[in-house]
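Pasting start_4.txt here (compact mmCIF, C-alpha atoms):
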```txt
# COMPACT_ATOMS: atom_id res chain seq x y z
CA MET C 1 -15.42 18.86 -25.90
CA SER C 2 -15.11 22.63 -25.78
CA THR C 3 -11.81 24.44 -25.90
CA ALA C 4 -12.32 25.41 -22.27
CA HIS C 5 -12.68 21.76 -21.26
CA ILE C 6 -9.67 20.71 -23.31
CA VAL C 7 -7.58 23.45 -21.74
CA ALA C 8 -8.80 22.55 -18.24
CA ASP C 9 -7.96 18.89 -18.78
CA ARG C 10 -4.53 19.65 -20.16
CA LEU C 11 -3.80 22.16 -17.43
CA ALA C 12 -3.75 19.51 -14.75
CA GLY C 13 -2.09 16.83 -16.81
CA SER C 14 0.76 18.91 -18.10
CA ALA C 15 0.77 21.87 -15.72
CA GLY C 16 1.12 24.02 -18.79
CA ARG C 17 4.39 22.46 -19.90
CA THR C 18 2.94 21.39 -23.24
CA ALA C 19 2.77 23.99 -25.97
CA TRP C 20 -0.73 25.28 -26.51
CA SER C 21 -2.44 25.21 -29.88
CA GLU C 22 -3.52 28.54 -31.36
CA ALA C 23 -7.13 27.96 -30.32
CA GLU C 24 -6.10 27.00 -26.80
CA ALA C 25 -3.77 29.96 -26.46
CA ALA C 26 -6.51 32.28 -27.67
CA HIS C 27 -8.90 30.78 -25.17
CA LEU C 28 -6.41 31.15 -22.33
CA ALA C 29 -5.81 34.79 -23.24
CA SER C 30 -9.50 35.56 -23.06
CA CYS C 31 -10.57 33.36 -20.14
CA ALA C 32 -9.65 34.58 -16.66
CA ASP C 33 -11.11 31.43 -15.13
CA CYS C 34 -8.75 29.15 -17.08
CA ARG C 35 -5.79 31.40 -16.30
CA LEU C 36 -6.63 31.13 -12.60
CA GLU C 37 -6.79 27.36 -12.94
CA LEU C 38 -3.46 27.38 -14.74
CA GLU C 39 -1.97 29.36 -11.85
CA LEU C 40 -3.54 27.00 -9.32
CA VAL C 41 -2.08 23.94 -11.01
CA ALA C 42 1.33 25.61 -11.37
CA VAL C 43 1.41 26.42 -7.65
CA ALA C 44 0.36 22.88 -6.78
CA ARG C 45 3.06 21.49 -9.07
CA ARG C 46 5.65 23.77 -7.49
CA LEU C 47 4.60 22.58 -4.04
CA GLY C 48 5.24 19.07 -5.26
CA THR C 49 8.85 19.79 -6.09
CA VAL C 50 10.01 21.92 -3.17
CA PRO C 51 12.15 19.80 -0.80
CA LEU C 52 10.37 19.02 2.42
CA ALA C 53 12.22 20.45 5.41
CA GLY C 54 13.91 17.74 7.45
CA PHE C 55 13.08 15.00 4.97
CA ASP C 56 16.11 12.94 4.00
CA PRO C 57 15.50 10.25 1.34
CA LYS C 58 18.84 8.59 2.11
CA ARG C 59 17.89 8.26 5.77
CA VAL C 60 14.54 6.82 4.72
CA ALA C 61 16.28 4.31 2.42
CA THR C 62 18.62 3.26 5.22
CA GLY C 63 15.70 2.82 7.58
CA VAL C 64 13.69 0.80 5.08
CA LEU C 65 16.61 -1.54 4.29
CA LEU C 66 17.34 -2.02 7.98
CA ARG C 67 13.74 -2.91 8.68
CA LEU C 68 13.60 -5.29 5.74
CA ALA C 69 16.75 -7.01 6.97
CA THR C 70 15.55 -7.41 10.53
CA ALA C 71 11.79 -7.94 10.14
CA PRO C 72 10.57 -11.50 10.67
CA ALA C 73 9.37 -13.41 7.64
CA GLU C 74 5.83 -12.57 6.70
CA LEU C 75 3.08 -15.18 7.08
CA PRO C 76 1.06 -15.92 3.96
CA ALA C 77 -1.72 -13.35 3.60
CA ARG C 78 -4.46 -15.98 3.95
CA ALA C 79 -2.95 -17.31 7.15
CA VAL C 80 -2.79 -13.80 8.57
CA ARG C 81 -6.40 -13.14 7.65
CA HIS C 82 -7.63 -16.44 9.06
CA PRO C 83 -5.38 -17.36 12.00
CA VAL C 84 -8.30 -18.89 13.89
CA ARG C 85 -9.31 -20.93 10.85
CA TRP C 86 -5.74 -22.15 10.46
CA LEU C 87 -5.51 -23.22 14.08
CA ALA C 88 -8.95 -24.81 13.89
CA ALA C 89 -7.86 -26.80 10.85
CA LEU C 90 -4.76 -27.98 12.68
CA ALA C 91 -6.73 -28.91 15.78
CA ALA C 92 -9.37 -30.71 13.72
CA ALA C 93 -6.69 -32.66 11.88
CA ALA C 94 -5.08 -33.61 15.17
CA ALA C 95 -8.42 -34.67 16.63
CA VAL C 96 -9.21 -36.80 13.59
CA MET C 97 -5.83 -38.54 13.81
CA LEU C 98 -6.34 -39.15 17.50
CA VAL C 99 -9.78 -40.63 16.93
CA VAL C 100 -8.44 -42.82 14.14
CA SER C 101 -5.65 -44.11 16.36
CA ARG C 102 -8.07 -44.84 19.22
CA ARG C 103 -10.97 -46.35 17.30
CA ALA C 104 -9.52 -48.33 14.42
CA PRO C 105 -8.86 -51.82 15.75
CA SER C 106 -9.07 -53.43 12.31
CA GLY C 107 -7.64 -50.63 10.23
CA PRO C 108 -4.22 -50.45 8.62
CA ALA C 109 -1.40 -51.45 10.87
CA ASP C 110 0.15 -48.02 11.17
CA LEU C 111 -3.10 -46.53 12.37
CA SER C 112 -4.51 -49.37 14.46
CA ASP C 113 -1.52 -50.04 16.62
CA ARG C 114 -3.11 -48.98 19.89
CA GLY C 115 0.12 -49.33 21.75
CA HIS C 116 1.76 -46.67 19.63
CA GLY C 117 -1.29 -44.48 19.14
CA GLY C 118 0.03 -41.62 21.27
CA ALA C 119 3.43 -41.59 19.60
CA LEU C 120 1.76 -41.72 16.22
CA VAL C 121 -0.39 -38.72 17.00
CA VAL C 122 2.56 -36.69 18.22
CA SER C 123 4.52 -37.68 15.15
CA VAL C 124 1.66 -36.71 12.85
CA LEU C 125 1.18 -33.42 14.65
CA HIS C 126 4.84 -32.54 14.20
CA GLU C 127 4.48 -33.35 10.51
CA LEU C 128 1.48 -31.03 10.37
CA ASP C 129 3.57 -28.17 11.72
CA GLY C 130 5.60 -28.15 8.56
CA LEU C 131 2.62 -28.00 6.23
CA SER C 132 1.37 -24.82 4.63
CA GLU C 133 -2.29 -23.88 4.92
CA PRO C 134 -3.15 -25.11 1.40
CA GLN C 135 -1.38 -28.39 2.12
CA LEU C 136 -3.30 -28.76 5.38
CA GLU C 137 -6.57 -28.05 3.63
CA GLU C 138 -5.71 -30.52 0.90
CA MET C 139 -4.94 -33.12 3.53
CA LEU C 140 -8.22 -32.45 5.32
CA GLN C 141 -10.11 -32.73 2.06
CA SER C 142 -8.50 -36.06 1.39
CA MET C 143 -9.11 -37.51 4.84
CA PRO C 144 -12.85 -38.23 5.06
CA PRO C 145 -12.91 -40.81 2.21
CA ALA C 146 -9.84 -42.54 3.63
CA ILE C 147 -11.38 -42.69 7.06
CA ARG C 148 -14.72 -43.92 5.73
CA ALA C 149 -12.86 -46.80 4.11
CA LEU C 150 -11.84 -48.09 7.56
CA ASP C 151 -14.22 -50.33 9.53
CA HIS C 152 -15.48 -49.20 12.93
CA VAL C 153 -14.02 -45.75 12.64
CA GLU C 154 -16.16 -42.71 13.36
CA MET C 155 -15.43 -39.04 12.97
CA ALA C 156 -15.67 -37.12 16.21
CA PRO C 157 -15.32 -33.43 17.02
CA LEU C 158 -12.91 -32.13 19.63
CA SER C 159 -15.78 -31.87 22.10
CA ASP C 160 -16.10 -35.68 22.05
CA LEU C 161 -12.59 -36.19 23.40
CA ASN C 162 -12.15 -36.83 27.08
CA ALA C 163 -10.02 -34.52 29.17
CA THR C 164 -6.91 -36.68 28.91
CA ASP C 165 -7.04 -36.98 25.12
CA LEU C 166 -7.84 -33.31 24.68
CA GLU C 167 -4.86 -32.39 26.83
CA ARG C 168 -2.64 -34.67 24.76
CA VAL C 169 -3.77 -32.89 21.60
CA LEU C 170 -3.19 -29.45 23.02
CA ARG C 171 0.21 -30.41 24.52
CA SER C 172 1.30 -31.88 21.23
CA MET C 173 0.35 -28.70 19.41
CA GLU C 174 2.31 -26.57 21.84
CA GLU C 175 5.48 -28.65 21.66
CA PRO C 176 8.14 -27.41 19.23
CA MET B 1 22.40 0.35 -32.57
CA ARG B 2 23.89 2.54 -29.88
CA ALA B 3 24.44 0.85 -26.55
CA LEU B 4 22.72 2.32 -23.54
CA SER B 5 24.96 4.53 -21.51
CA GLU B 6 25.85 3.35 -18.03
CA ASP B 7 24.36 6.63 -16.84
CA THR B 8 20.93 5.76 -18.25
CA PRO B 9 18.66 5.46 -15.25
CA ARG B 10 17.13 2.03 -14.79
CA SER B 11 13.35 1.84 -14.98
CA ASP B 12 11.30 1.15 -11.87
CA VAL B 13 10.49 -2.31 -13.20
CA ALA B 14 14.21 -3.05 -13.65
CA LEU B 15 14.98 -1.78 -10.15
CA VAL B 16 12.22 -3.91 -8.63
CA ALA B 17 13.52 -6.96 -10.49
CA ALA B 18 17.07 -6.22 -9.30
CA TYR B 19 15.91 -5.85 -5.70
CA ARG B 20 14.08 -9.15 -5.87
CA LEU B 21 17.37 -10.72 -6.86
CA GLY B 22 18.99 -9.24 -3.78
CA ASP B 23 20.27 -5.89 -5.03
CA GLN B 24 19.82 -3.61 -1.99
CA ALA B 25 21.08 -0.59 -3.90
CA ALA B 26 18.13 -0.96 -6.28
CA ALA B 27 15.73 -0.59 -3.35
CA ALA B 28 17.62 2.45 -2.12
CA GLU B 29 17.40 3.97 -5.59
CA LEU B 30 13.63 3.48 -5.66
CA VAL B 31 13.36 5.23 -2.29
CA THR B 32 15.52 8.09 -3.49
CA ARG B 33 13.55 8.36 -6.73
CA HIS B 34 10.04 8.41 -5.27
CA GLY B 35 10.42 9.14 -1.56
CA ALA B 36 10.48 12.92 -1.75
CA ALA B 37 7.44 13.12 -4.06
CA LEU B 38 5.49 10.77 -1.81
CA GLY B 39 6.51 12.87 1.18
CA ARG B 40 5.34 16.09 -0.47
CA TYR B 41 2.07 14.46 -1.41
CA LEU B 42 1.42 13.16 2.12
CA TYR B 43 2.37 16.52 3.59
CA ALA B 44 0.07 18.42 1.22
CA ALA B 45 -2.65 15.87 1.98
CA GLY B 46 -2.51 16.98 5.60
CA ALA B 47 0.07 14.77 7.33
CA ALA B 48 2.10 16.51 10.02
CA VAL B 49 5.59 17.28 8.77
CA ALA B 50 7.02 15.34 11.72
CA ASP B 51 5.11 12.24 10.59
CA VAL B 52 5.96 12.38 6.90
CA GLU B 53 9.29 10.55 7.05
CA ASP B 54 7.79 7.73 9.13
CA LEU B 55 4.86 7.42 6.75
CA VAL B 56 7.13 7.30 3.71
CA GLN B 57 9.38 4.71 5.35
CA GLU B 58 6.38 2.59 6.28
CA ALA B 59 4.98 2.84 2.74
CA PHE B 60 8.25 1.64 1.19
CA PHE B 61 8.66 -1.09 3.80
CA ARG B 62 5.20 -2.43 3.06
CA ALA B 63 5.71 -2.09 -0.67
CA PHE B 64 8.95 -4.08 -0.65
CA ARG B 65 7.47 -6.71 1.66
CA ALA B 66 4.49 -7.15 -0.63
CA LEU B 67 6.30 -7.11 -3.97
CA ASP B 68 4.88 -10.56 -4.74
CA THR B 69 1.42 -9.00 -4.93
CA TRP B 70 2.53 -6.27 -7.35
CA ARG B 71 1.74 -7.55 -10.81
CA GLY B 72 3.18 -4.63 -12.68
CA GLU B 73 -0.24 -3.61 -14.06
CA ALA B 74 0.01 -0.34 -12.16
CA SER B 75 3.22 1.65 -12.12
CA PHE B 76 5.43 1.11 -9.08
CA ARG B 77 4.93 4.78 -8.28
CA GLY B 78 1.13 4.47 -8.42
CA TRP B 79 1.24 1.34 -6.30
CA LEU B 80 3.51 3.03 -3.76
CA PHE B 81 1.23 6.05 -3.62
CA ARG B 82 -1.72 3.74 -3.05
CA ILE B 83 0.02 2.25 -0.01
CA GLY B 84 0.99 5.73 1.21
CA SER B 85 -2.52 7.01 0.65
CA ASN B 86 -3.97 4.14 2.66
CA LEU B 87 -1.53 4.83 5.49
CA ARG B 88 -2.54 8.48 5.42
CA LYS B 89 -6.21 7.46 5.39
CA ASP B 90 -5.69 5.28 8.48
CA GLN B 91 -3.90 8.12 10.22
CA TYR B 92 -6.67 10.54 9.19
CA ARG B 93 -9.27 8.25 10.76
CA LYS B 94 -7.24 7.80 13.94
CA ASN B 95 -6.95 11.57 14.24
CA ALA B 96 -10.70 11.92 13.72
CA GLY B 97 -10.24 13.81 10.46
CA ARG B 98 -7.74 16.38 11.72
CA VAL B 99 -5.24 17.65 9.15
CA HIS B 100 -2.14 19.71 9.72
CA LEU B 101 -1.13 22.99 8.21
CA SER B 102 2.44 23.79 9.08
CA ILE B 103 4.33 26.66 7.57
CA GLN B 104 7.87 25.85 6.55
CA ASP B 105 10.62 28.31 5.91
CA HIS B 106 10.02 28.31 2.19
CA ASP B 107 6.32 29.08 2.77
CA VAL B 108 6.93 32.24 4.73
CA ALA B 109 6.86 35.45 2.69
CA ASP B 110 10.27 37.04 2.48
CA HIS B 111 9.62 40.76 2.02
CA SER B 112 13.20 41.42 1.00
CA ASP B 113 12.83 39.07 -1.96
CA PRO B 114 13.14 41.17 -5.11
CA LEU B 115 12.15 38.40 -7.52
CA GLY B 116 8.56 37.97 -6.39
CA GLU B 117 9.06 34.75 -4.45
CA ALA B 118 6.98 36.30 -1.69
CA GLY B 119 3.95 36.39 -3.95
CA ALA B 120 4.49 32.77 -4.89
CA SER B 121 4.80 31.80 -1.25
CA GLU B 122 1.59 33.60 -0.46
CA MET B 123 -0.15 31.63 -3.20
CA GLU B 124 1.32 28.39 -1.89
CA TYR B 125 0.14 29.17 1.59
CA ARG B 126 -3.35 29.98 0.36
CA LEU B 127 -3.45 26.80 -1.67
CA GLN B 128 -2.32 24.70 1.29
CA LYS B 129 -4.93 26.35 3.47
CA GLY B 130 -7.55 25.85 0.77
CA LEU B 131 -6.67 22.17 0.44
CA LEU B 132 -7.49 21.64 4.08
CA GLY B 133 -11.01 22.87 3.46
CA LEU B 134 -11.64 20.13 0.90
CA SER B 135 -12.94 16.66 1.57
CA ARG B 136 -10.22 14.01 1.80
CA LEU B 137 -10.97 12.58 -1.62
CA GLN B 138 -11.23 15.99 -3.29
CA ARG B 139 -7.88 16.93 -1.78
CA GLU B 140 -6.14 13.71 -2.76
CA VAL B 141 -7.54 13.62 -6.30
CA PHE B 142 -6.49 17.23 -6.81
CA LEU B 143 -2.98 16.57 -5.50
CA LEU B 144 -2.47 13.41 -7.54
CA ARG B 145 -3.69 15.18 -10.68
CA ALA B 146 -2.27 18.67 -10.32
CA GLN B 147 0.77 18.09 -8.12
CA GLN B 148 1.86 14.63 -9.27
CA GLY B 149 0.57 14.87 -12.85
CA MET B 150 -1.19 11.49 -12.76
CA ASP B 151 -3.93 10.67 -15.24
CA TYR B 152 -7.36 9.63 -14.03
CA GLU B 153 -6.72 5.93 -14.62
CA GLU B 154 -3.72 6.00 -12.32
CA ILE B 155 -5.58 8.10 -9.75
CA CYS B 156 -8.32 5.45 -9.71
CA ARG B 157 -5.78 2.76 -8.95
CA VAL B 158 -4.21 4.82 -6.17
CA LEU B 159 -7.46 5.81 -4.48
CA GLY B 160 -9.60 2.82 -5.41
CA THR B 161 -12.27 4.93 -7.09
CA THR B 162 -13.70 5.26 -10.61
CA PRO B 163 -12.57 7.66 -13.36
CA GLY B 164 -15.95 9.39 -13.29
CA ALA B 165 -15.83 9.90 -9.54
CA ALA B 166 -12.24 11.13 -9.75
CA ARG B 167 -13.20 13.72 -12.38
CA VAL B 168 -16.09 14.95 -10.23
CA HIS B 169 -13.85 15.22 -7.16
CA TYR B 170 -11.27 17.11 -9.19
CA HIS B 171 -13.86 19.48 -10.64
CA HIS B 172 -15.27 20.31 -7.19
CA ALA B 173 -11.78 20.72 -5.72
CA VAL B 174 -10.73 23.17 -8.44
CA LYS B 175 -13.96 25.13 -8.13
CA ARG B 176 -13.53 25.58 -4.38
CA LEU B 177 -9.83 26.37 -4.63
CA LYS B 178 -10.46 28.99 -7.30
CA GLU B 179 -12.95 30.70 -5.03
CA LEU B 180 -10.34 30.79 -2.27
CA MET B 181 -7.56 32.01 -4.54
CA GLN B 182 -9.50 34.94 -6.01
```
For the structure just supplied, provide its representation as structure tokens.
Amino acid sequence: MSTAHIVADRLAGSAGRTAWSEAEAAHLASCADCRLELELVAVARRLGTVPLAGFDPKRVATGVLLRLATAPAELPARAVRHPVRWLAALAAAAAVMLVVSRRAPSGPADLSDRGHGGALVVSVLHELDGLSEPQLEEMLQSMPPAIRALDHVEMAPLSDLNATDLERVLRSMEEP
Amino acid sequence: MRALSEDTPRSDVALVAAYRLGDQAAAAELVTRHGAALGRYLYAAGAAVADVEDLVQEAFFRAFRALDTWRGEASFRGWLFRIGSNLRKDQYRKNAGRVHLSIQDHDVADHSDPLGEAGASEMEYRLQKGLLGLSRLQREVFLLRAQQGMDYEEICRVLGTTPGAARVHYHHAVKRLKELMQ
């Protein structure tokens, strides 16, 4: 690297605050271009230290702390990026539970009790509300084998539900 | 070993850790420490002076809200400037690339000034005007390097570019600014 390049690199990094070596000083004395660059960097550095009119860091700090104290809790980044996916996962889980409760006459007692199917679904949906997205996904991943283990149970998409069942699912999701 | 004086300023990392434990004063200290520099940078990058305080506040708000994603690999200052730079970039796009050149009191030549401040102000004005003629990346690389004294590695983290590209942008910026200053 030439002296000119070294000087140019150090000009920006140090804005000339570092002592120059003899060779660098000699180069600066003889090179108008480098001196102009030195001046340019010094002006830029000065502009970076002059207080900005009307700018009050204390007011900014107060504003930031106030906003932090009053802002609602932030959703996990993945949930924010995929709100539709999150809702779809919840709806799919609800639909699966509804189908299980309707179509599992010989399954485990807690799932096959047709008389309590509706209450079970609502209860499960409320449980789902408290789950995080990873927990929901984990649950969904774990469901197909469990469902396959039951006799006479079929998976069905939301579109297979009749109007009454679909409304039950949606109402359950909307309830607090 | 001599104990650290109570007046020794806490590092950014220590302040961030204190804030995460609930120390609001630590957050305020970070704002006081870096807010003005970020404001000057955003202003020189073309933000309207009336918008600077809002942009700085938004940058800190987002930074504090996203502290869990800050792994400490980059300096807090560099990370904050990255957020501020992105906010400025969004604003730049919304304004269809318009940048502002406003002359503050300290930029106006005072002809009664016997110490040569007028000359300095003239240079500052010419530099600010010259900066507006650069591309956004040239302008921001130049400001981060020359005004903020960042090295190319840190500039890359702030602007999401490569060291080679940053050097090229800086070189072109300096070349054009020199032409304007002569």
I need the contact residues of chain C against chain B, so if you could list those with any atom within 8 Å, counting all atoms listed in the file, and return them as number ranges by chain, that would help.
C: 12-15, 36-37, 40-53, 55-58, 60-65, 67-68, 74
Have a look at CA of Val168 in chain B and CA of Trp79 in chain B and let me know their distance in Å, one decimal.
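We find that CA of Val168 in chain B and CA of Trp79 in chain B lie 22.4 Å from each other.
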What is the CA of Ala17 in chain B-CA of Arg88 in chain B distance in Å, reported with one decimal?
27.4 Å
Any idea what the distance is between CA of Gly78 in chain B and CA of Pro9 in chain B?
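So the answer is 18.8 Å.
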Pick from B:Ala18, B:Leu159, B:Leu131, B:Leu137, whichever lies nearest to Ile83 in chain B using all atoms listed in the file
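Closest residue, counting all atoms listed in the file: B:Leu159.
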